[in-house]
Structures are given as structure tokens and as C-alpha cells.
>>> print(open('start_28.tsv').read())   # TSV, C-alpha atoms
chain	number	residue	atom	x	y	z
A	165	MET	CA	11.81	-19.74	1.43
A	166	GLN	CA	13.87	-22.75	0.52
A	167	TYR	CA	12.96	-26.41	-0.11
A	168	THR	CA	15.38	-29.31	0.25
A	169	SER	CA	15.55	-32.73	-1.43
A	170	VAL	CA	13.45	-31.77	-4.46
A	171	LYS	CA	13.01	-34.07	-7.45
A	172	THR	CA	11.33	-33.83	-10.84
A	173	ALA	CA	8.35	-36.15	-11.28
A	174	ARG	CA	5.23	-36.47	-13.42
A	175	PHE	CA	1.67	-36.10	-12.15
A	176	LEU	CA	-0.60	-39.06	-12.95
A	177	ARG	CA	-3.82	-38.69	-10.94
A	178	ARG	CA	-5.35	-37.33	-7.74
A	179	PRO	CA	-7.35	-39.99	-5.85
A	180	ASN	CA	-8.52	-37.41	-3.30
A	181	ARG	CA	-7.82	-33.84	-2.18
A	182	PHE	CA	-4.77	-34.81	-0.16
A	183	LEU	CA	-3.03	-37.40	-2.35
A	184	ALA	CA	-1.45	-37.48	-5.79
A	185	VAL	CA	-0.05	-40.45	-7.66
A	186	MET	CA	3.24	-39.44	-9.27
A	187	GLU	CA	5.65	-41.15	-11.64
A	188	LEU	CA	9.19	-40.90	-10.34
A	189	GLY	CA	12.11	-42.84	-11.79
A	190	GLY	CA	9.76	-45.14	-13.69
A	191	GLN	CA	7.76	-46.03	-10.56
A	192	GLU	CA	4.48	-44.81	-9.09
A	193	VAL	CA	4.78	-43.06	-5.72
A	194	LEU	CA	2.27	-41.29	-3.49
A	195	ALA	CA	2.71	-37.61	-2.71
A	196	HIS	CA	0.87	-35.40	-0.26
A	197	VAL	CA	-0.96	-32.50	-1.94
A	198	PRO	CA	-0.58	-29.43	0.33
A	199	ASN	CA	-3.42	-27.60	-1.42
A	200	THR	CA	-7.11	-28.47	-1.05
A	201	GLY	CA	-8.11	-26.25	-3.99
A	202	ARG	CA	-9.35	-27.86	-7.19
A	203	CYS	CA	-6.26	-26.98	-9.29
A	204	ARG	CA	-7.93	-28.67	-12.27
A	205	GLU	CA	-6.11	-26.52	-14.80
A	206	LEU	CA	-2.77	-27.51	-13.24
A	207	LEU	CA	-3.08	-31.14	-12.15
A	208	ILE	CA	-3.40	-32.66	-15.61
A	209	PRO	CA	-2.20	-36.24	-16.16
A	210	GLY	CA	1.31	-36.20	-17.61
A	211	THR	CA	2.20	-32.75	-16.25
A	212	GLU	CA	5.80	-32.32	-15.15
A	213	ALA	CA	6.03	-31.47	-11.47
A	214	VAL	CA	8.34	-30.96	-8.50
A	215	VAL	CA	8.14	-33.10	-5.38
A	216	GLN	CA	9.99	-32.85	-2.09
A	217	HIS	CA	11.32	-36.03	-0.49
A	218	HIS	CA	10.91	-36.57	3.26
A	219	ASP	CA	13.03	-39.12	5.10
A	220	SER	CA	10.58	-39.81	7.91
A	221	PRO	CA	9.15	-43.26	8.74
A	222	SER	CA	6.17	-41.66	10.51
A	223	ARG	CA	4.81	-40.08	7.31
A	224	ARG	CA	2.16	-41.80	5.24
A	225	THR	CA	3.81	-40.49	2.08
A	226	ALA	CA	7.51	-39.98	1.40
A	227	TYR	CA	6.86	-37.03	-0.93
A	228	THR	CA	5.03	-33.71	-1.09
A	229	LEU	CA	3.91	-32.17	-4.38
A	230	ILE	CA	5.13	-28.56	-4.29
A	231	ALA	CA	5.01	-27.21	-7.85
A	232	VAL	CA	3.95	-27.95	-11.42
A	233	TRP	CA	4.84	-26.59	-14.84
A	234	LYS	CA	2.01	-25.11	-16.88
A	235	GLU	CA	2.17	-24.57	-20.65
A	236	THR	CA	1.02	-21.03	-21.49
A	237	SER	CA	1.07	-18.77	-24.53
A	238	ARG	CA	4.07	-17.09	-22.92
A	239	GLY	CA	5.97	-20.33	-22.44
A	240	ARG	CA	6.33	-22.74	-19.53
A	241	LEU	CA	5.35	-21.33	-16.16
A	242	LEU	CA	6.35	-22.92	-12.86
A	243	ILE	CA	3.55	-22.57	-10.30
A	244	ASN	CA	4.03	-23.32	-6.61
A	245	LEU	CA	1.08	-25.25	-5.07
A	246	ASP	CA	2.13	-25.29	-1.42
A	247	SER	CA	-0.69	-23.62	0.54
A	248	GLN	CA	1.64	-23.18	3.55
A	249	ALA	CA	4.16	-21.22	1.50
A	250	PRO	CA	2.36	-17.85	1.17
A	251	ASN	CA	2.44	-17.16	4.92
A	252	ARG	CA	6.08	-18.15	5.12
A	253	VAL	CA	7.20	-15.97	2.21
A	254	ALA	CA	5.12	-13.07	3.56
A	255	GLN	CA	6.77	-13.37	6.96
A	256	GLU	CA	10.22	-13.47	5.35
A	257	ALA	CA	9.39	-10.37	3.31
A	258	PHE	CA	8.08	-8.46	6.36
A	259	SER	CA	11.17	-9.49	8.34
A	260	ARG	CA	13.37	-8.12	5.54
A	261	GLY	CA	11.62	-4.77	5.86
A	262	MET	CA	8.84	-4.88	3.28
A	263	PRO	CA	5.96	-2.70	4.55
A	264	PRO	CA	2.52	-4.34	4.73
A	265	PRO	CA	-0.13	-3.31	2.19
A	266	GLY	CA	-1.11	0.34	2.47
A	267	GLN	CA	1.84	1.33	4.67
A	268	GLU	CA	5.14	3.05	3.92
A	269	GLN	CA	7.07	1.85	6.96
A	270	PRO	CA	7.92	-1.77	7.88
A	271	ALA	CA	6.35	-3.45	10.87
A	272	ARG	CA	8.34	-3.47	14.10
A	273	LEU	CA	6.24	-6.30	15.54
A	274	ILE	CA	5.23	-9.32	13.46
A	275	ARG	CA	3.13	-12.03	15.08
A	276	ARG	CA	1.73	-15.09	13.32
A	277	GLU	CA	-1.69	-16.67	13.93
A	278	ALA	CA	-3.05	-13.70	15.86
A	279	VAL	CA	-6.50	-13.63	17.44
A	280	SER	CA	-8.56	-10.44	17.31
A	281	GLU	CA	-11.85	-9.81	19.07
A	282	VAL	CA	-13.66	-11.51	16.19
A	283	SER	CA	-11.39	-14.08	14.57
A	284	ARG	CA	-7.93	-15.54	14.02
A	285	PHE	CA	-5.84	-13.90	11.29
A	286	ASP	CA	-2.55	-14.83	9.67
A	287	PHE	CA	-0.65	-11.84	11.08
A	288	TYR	CA	-0.78	-9.15	13.71
A	289	LEU	CA	1.45	-6.21	12.71
A	290	GLU	CA	2.58	-3.07	14.48
A	291	GLY	CA	4.55	-0.26	12.88
A	292	PRO	CA	4.82	3.53	12.93
A	293	GLY	CA	1.25	4.79	13.13
A	294	TYR	CA	-0.52	1.46	12.62
A	295	ARG	CA	-1.43	-1.75	14.40
A	296	GLY	CA	-3.80	-4.44	13.26
A	297	TYR	CA	-4.39	-7.61	11.31
A	298	LEU	CA	-3.48	-9.02	7.93
A	299	GLU	CA	-4.82	-12.05	6.07
A	300	VAL	CA	-2.75	-13.80	3.37
A	301	LYS	CA	-4.26	-15.66	0.41
A	302	GLY	CA	-2.26	-17.85	-1.98
A	303	VAL	CA	-3.12	-17.54	-5.68
A	304	THR	CA	-2.46	-20.33	-8.22
A	305	LEU	CA	-5.19	-19.78	-10.83
A	306	GLU	CA	-3.89	-18.12	-14.02
A	307	GLU	CA	-5.31	-17.44	-17.49
A	308	GLN	CA	-3.53	-15.36	-20.13
A	309	GLY	CA	-1.47	-13.61	-17.49
A	310	VAL	CA	-4.47	-12.73	-15.30
A	311	VAL	CA	-4.54	-14.40	-11.88
A	312	SER	CA	-7.69	-14.95	-9.84
A	313	PHE	CA	-8.80	-16.00	-6.36
A	314	PRO	CA	-10.45	-18.25	-5.30
A	315	ASP	CA	-10.35	-21.39	-7.47
A	316	ALA	CA	-13.13	-22.94	-5.34
A	317	PRO	CA	-15.93	-21.38	-3.24
A	318	THR	CA	-14.57	-20.15	0.10
A	319	GLU	CA	-17.05	-19.14	2.77
A	320	ARG	CA	-14.12	-18.91	5.19
A	321	GLY	CA	-12.44	-16.41	2.87
A	322	VAL	CA	-15.59	-14.29	2.67
A	323	ARG	CA	-15.88	-14.30	6.45
A	324	HIS	CA	-12.27	-13.18	6.87
A	325	ILE	CA	-12.70	-10.30	4.42
A	326	ARG	CA	-15.91	-9.16	6.13
A	327	GLU	CA	-14.23	-9.30	9.54
A	328	LEU	CA	-11.32	-7.22	8.24
A	329	THR	CA	-13.87	-4.74	6.92
A	330	GLU	CA	-15.41	-4.35	10.38
A	331	LEU	CA	-11.97	-3.89	11.96
A	332	SER	CA	-11.13	-1.17	9.44
A	333	ARG	CA	-14.40	0.63	10.16
A	334	LYS	CA	-13.42	0.65	13.85
A	335	GLY	CA	-10.14	2.39	13.01
A	336	CYS	CA	-7.87	-0.66	13.20
A	337	TYR	CA	-5.32	-1.46	10.51
A	338	ALA	CA	-6.72	-4.25	8.33
A	339	GLY	CA	-5.08	-5.69	5.24
A	340	VAL	CA	-5.07	-8.58	2.81
A	341	LEU	CA	-2.09	-9.76	0.80
A	342	PHE	CA	-2.56	-12.00	-2.24
A	343	VAL	CA	0.61	-14.02	-2.75
A	344	VAL	CA	0.67	-15.02	-6.43
A	345	GLN	CA	2.65	-18.26	-6.46
A	346	MET	CA	4.15	-17.71	-9.92
A	347	GLU	CA	6.08	-15.15	-11.97
A	348	THR	CA	5.06	-12.69	-14.70
A	349	ALA	CA	1.36	-12.31	-13.88
A	350	ARG	CA	0.12	-8.93	-15.09
A	351	LEU	CA	-3.18	-8.46	-13.24
A	352	PHE	CA	-5.18	-9.79	-10.26
A	353	ARG	CA	-8.96	-10.14	-10.28
A	354	PRO	CA	-11.47	-11.80	-7.96
A	355	ASN	CA	-12.85	-14.99	-9.49
A	356	TRP	CA	-16.39	-13.70	-9.93
A	357	ARG	CA	-17.58	-16.78	-11.83
A	358	MET	CA	-16.45	-19.13	-9.08
A	359	HIS	CA	-17.57	-17.15	-6.01
A	360	SER	CA	-19.13	-13.75	-6.57
A	361	ALA	CA	-19.69	-13.25	-2.83
A	362	PHE	CA	-15.93	-13.15	-2.32
A	363	GLY	CA	-15.54	-10.47	-4.98
A	364	ASP	CA	-18.37	-8.44	-3.47
A	365	ALA	CA	-16.79	-8.71	0.00
A	366	LEU	CA	-13.43	-7.62	-1.39
A	367	ARG	CA	-14.91	-4.54	-3.08
A	368	GLN	CA	-16.75	-3.57	0.11
A	369	ALA	CA	-13.54	-4.06	2.07
A	370	ARG	CA	-11.59	-1.70	-0.19
A	371	GLU	CA	-14.35	0.91	0.13
A	372	ALA	CA	-14.13	0.56	3.93
A	373	GLY	CA	-10.39	1.21	3.89
A	374	VAL	CA	-8.97	-2.32	4.04
A	375	ALA	CA	-5.49	-2.18	2.50
A	376	MET	CA	-4.81	-4.79	-0.16
A	377	SER	CA	-2.03	-5.84	-2.46
A	378	ALA	CA	-1.20	-8.64	-4.89
A	379	ARG	CA	2.43	-9.68	-5.38
A	380	CYS	CA	4.05	-12.22	-7.67
A	381	CYS	CA	6.82	-14.56	-6.53
A	382	ARG	CA	10.13	-15.60	-7.98
A	383	VAL	CA	9.73	-19.36	-8.32
A	384	THR	CA	12.33	-22.08	-8.78
A	385	PRO	CA	11.97	-25.82	-8.11
A	386	ASP	CA	13.50	-25.35	-4.65
A	387	SER	CA	12.59	-21.78	-3.65
A	388	LEU	CA	9.85	-19.18	-3.45
A	389	ILE	CA	10.50	-15.46	-2.84
A	390	LEU	CA	7.93	-12.66	-2.71
A	391	ASP	CA	8.56	-10.20	-5.52
A	392	GLU	CA	6.90	-7.36	-7.45
A	393	GLU	CA	3.43	-5.94	-6.89
A	394	ILE	CA	0.88	-6.20	-9.71
A	395	PRO	CA	-2.31	-4.19	-10.38
A	396	MET	CA	-5.64	-5.27	-8.90
A	397	ASP	CA	-8.94	-4.94	-10.80
A	398	LEU	CA	-11.99	-5.40	-8.58
A	399	SER	CA	-14.55	-4.40	-11.19
A	400	LYS	CA	-17.27	-6.99	-11.62
A	401	GLU	CA	-17.12	-8.98	-14.84
A	402	GLN	CA	-20.12	-8.72	-17.11
A	403	PRO	CA	-22.03	-11.97	-17.77
>>> encode(input="start_28.tsv", output="C-alpha cells")
Amino acid sequence: MQYTSVKTARFLRRPNRFLAVMELGGQEVLAHVPNTGRCRELLIPGTEAVVQHHDSPSRRTAYTLIAVWKETSRGRLLINLDSQAPNRVAQEAFSRGMPPPGQEQPARLIRREAVSEVSRFDFYLEGPGYRGYLEVKGVTLEEQGVVSFPDAPTERGVRHIRELTELSRKGCYAGVLFVVQMETARLFRPNWRMHSAFGDALRQAREAGVAMSARCCRVTPDSLILDEEIPMDLSKEQP
């Protein structure tokens, strides 16, 4: 996916979940934050960031915060924060012929925001020998090359995983795709310390046959493209 009218800015503070105060061209401007996660390890005062400008008089803010640079032991890492982006890059990848998790053939039918008998999921997919539902989760939390989800408790996420588990037990295709909104991650793990119930639900889902995959993205200030798959470790961390 491609962004237009991007500019480099500096993050100053976050008055609430939806707003960030940015320094741009020596002035303070307000930017919408399209991510309700905590992002505490990313949104540090003084951090260099990328904002997108919107020329619309109906908007409350003229900018959207879309990415930040993080200093790591491996160098600077650009991390996309746009919570709408994972579904868009997943759809682009499926449309280009990438098979969904657990399948070898691409989907012939791709439908967004699909409602099953129990819930609404990000995708309904049909391909050779499979039909069912897929949920997409964006991942922005990174430490020493290991990425984790979630960065805040998510009862909604637990519910989705449990509903996918029930669909799989009924013989329906069920999958979850973790879109890692950065490059060079080496491993995905559930964030047991933040929300152990999500990790437990994910392990039960895998045992029930839910297909799952974690993929990094190629990230630039104005683009995001789904890229290589990375290993997943669902073993529970020891206290």
C-alpha cells in the first residue's frame, strides 16, 4: 500500500489515544493517531516520525501519524503504526496470489468484513478445497528482534480467536494472520505478560487446527508491503 503527502516530523506528546502533538517545520501541529494501542516504547518525546498530510477542511486534524523510527541494537527501525494498514496489505497480498495461512493455493474469492454465524471477521476466503474466515492482527511491539501481540489487553482479540477455534472444530477454514508492521523481526510470540488469556486462546486455536502465520513488512515512509514469514513460538514464558 502507498501513502501520499508524507512528511518527517517529531513526536512531542500524546494528549489522548487519538491525538499526538508533533513538531513540524518548527511549529506544533496536531496529528490523528490511527492506533489505540499503548505504543509506549515507540511514542517517546523527541522521536522522529512520519506524518501524512490531508487537505480536507472537514478534518479535525490536518495530519495522521503513520510511522516512527525506533533505535534498536540492530540500528534504526521504521515501524508503521497505522492500524488500518494490516488489512489493506493483506488484501493486496491475497489479490497478488499469496495463499492464506495453512493453504497452498490462493483464494479465488476474497471478501472483506465478512459475517459468520458467530461474528464479523476481517476476511472471508474461498479457494481450492477451503472456504472460511480469517482475522488479521497488526503487530508493532518489538524487543531484540522478537515481536509480540498484543501491546494492551484485548478481550475482543480473545473472543475472535475462540470463535475461529469453534469454526475450525466444525470443519470450516479458520485462520489468523499477524502482520508485523516492520522489517527484520526474527520471531513472533504472544505477549504473555500483557494478556495471558490471548496466548492461551492462541495455543488452543492451533491445537484445534486454526491456521496461523506471522509475516514482516517492507516499510518505507510512504509504503507498506507484506513480506517474508517468520517463525511463531507459542510456548508459555516462565515467570
>>> residues_near_point(input="start_28.tsv", point="(-10.4, -20.1, -12.1)", cutoff="9 Å", atoms="all atoms listed in the file", output="list in words")
Cys203, Arg204, Glu205, Thr304, Leu305, Glu306, Glu307, Val311, Ser312, Phe313, Pro314, Asp315, Ala316, Asn355, Arg357 and Met358 of chain A
>>> atom_distance(input="start_28.tsv", atom1="atom CA of A:Leu390", atom2="atom CA of A:Glu256")
8.4 Å
>>> atom_distance(input="start_28.tsv", atom1="atom CA of A:Tyr167", atom2="atom CA of A:Val214")
10.6 Å
>>> residues_near_point(input="start_28.tsv", point="(2.8, 0.2, 16.5)", cutoff="12 Å", atoms="all atoms listed in the file", output="ChimeraX atom specification")
/A:267,269-274,288-297,336-337
>>> residues_around(input="start_28.tsv", residues="stretch 179-183 of chain A", least_positions_apart="2", cutoff="6 Å", atoms="only C-alpha atoms", output="PDB file with C-alpha atoms, in the frame of the given file")
ATOM      1  CA  ALA A 195       2.710 -37.610  -2.710  1.00  0.00           C
ATOM      2  CA  HIS A 196       0.870 -35.400  -0.260  1.00  0.00           C
ATOM      3  CA  VAL A 197      -0.960 -32.500  -1.940  1.00  0.00           C
ATOM      4  CA  THR A 200      -7.110 -28.470  -1.050  1.00  0.00           C
TER       5      THR A 200
END
>>> closest_residue(input="start_28.tsv", among="A:Pro395, A:Gly363, A:Pro385, A:Gly189", to="A:Ala349", atoms="only C-alpha atoms")
A:Pro395
>>> residues_around(input="start_28.tsv", residues="A:Ala372", least_positions_apart="2", cutoff="9 Å", atoms="all atoms listed in the file", output="PyMOL selection string")
chain A and resi 329-330+332-333+367-370+374
>>> closest_residue(input="start_28.tsv", among="A:Thr384, A:Ser259, A:Asn244, A:Gln308", to="A:Ile230", atoms="only C-alpha atoms")
A:Asn244
>>> closest_residue(input="start_28.tsv", among="A:Glu277, A:Glu268, A:Glu319, A:Asp246", to="A:Val303", atoms="all atoms listed in the file")
A:Asp246
>>> atom_distance(input="start_28.tsv", atom1="atom CA of A:Asp219", atom2="atom CA of A:Val193")
14.2 Å
>>> axis_aligned_box(input="start_28.tsv", around="stretch 369-374 of chain A", padding_each_side="6 Å", output="lines of an AutoDock Vina configuration file")
center_x = -11.7
center_y = -1.4
center_z = 1.9
size_x = 17.4
size_y = 17.3
size_z = 16.2
>>> closest_atom_pairs(input="start_28.tsv", of="stretch 224-342 of chain A", to="stretch 170-175 of chain A", cutoff="12 Å", atoms="all atoms listed in the file", output="tab-separated table")
residue	atom	partner	partner_atom	distance
A:Ala226	CA	A:Val170	CA	11.7
A:Tyr227	CA	A:Val170	CA	9.1
A:Thr228	CA	A:Val170	CA	9.3
A:Leu229	CA	A:Phe175	CA	9.0
A:Ile230	CA	A:Val170	CA	8.9
A:Ala231	CA	A:Thr172	CA	9.6
A:Val232	CA	A:Phe175	CA	8.5
A:Trp233	CA	A:Arg174	CA	10.0
A:Lys234	CA	A:Phe175	CA	12.0
>>> residues_around(input="start_28.tsv", residues="A:Met165", least_positions_apart="2", cutoff="10 Å", atoms="all atoms listed in the file", output="list in words")
Tyr167, Ala249, Pro250, Arg252, Val253, Ala254, Gln255, Glu256, Ala257, Val383, Asp386, Ser387, Leu388, Ile389 and Leu390 of chain A
>>> closest_residue(input="start_28.tsv", among="A:Asp397, A:Glu212, A:Glu235, A:Glu299", to="A:Asp286", atoms="only C-alpha atoms")
A:Glu299
>>> residues_around(input="start_28.tsv", residues="A:Met376", least_positions_apart="5", cutoff="9 Å", atoms="all atoms listed in the file", output="PDB file with C-alpha atoms, in the coordinates of the input")
ATOM      1  CA  PRO A 264       2.520  -4.340   4.730  1.00  0.00           C
ATOM      2  CA  PRO A 265      -0.130  -3.310   2.190  1.00  0.00           C
ATOM      3  CA  GLY A 266      -1.110   0.340   2.470  1.00  0.00           C
ATOM      4  CA  ALA A 338      -6.720  -4.250   8.330  1.00  0.00           C
ATOM      5  CA  GLY A 339      -5.080  -5.690   5.240  1.00  0.00           C
ATOM      6  CA  VAL A 340      -5.070  -8.580   2.810  1.00  0.00           C
ATOM      7  CA  LEU A 341      -2.090  -9.760   0.800  1.00  0.00           C
ATOM      8  CA  PHE A 342      -2.560 -12.000  -2.240  1.00  0.00           C
ATOM      9  CA  ARG A 370     -11.590  -1.700  -0.190  1.00  0.00           C
ATOM     10  CA  MET A 396      -5.640  -5.270  -8.900  1.00  0.00           C
TER      11      MET A 396
END
>>> closest_residue(input="start_28.tsv", among="A:Ser222, A:Gln248, A:Arg323, A:Phe258", to="A:Arg284", atoms="only C-alpha atoms")
A:Arg323
>>> closest_residue(input="start_28.tsv", among="A:His359, A:Pro317, A:Leu298, A:Met262", to="A:Arg202", atoms="all atoms listed in the file")
A:Pro317
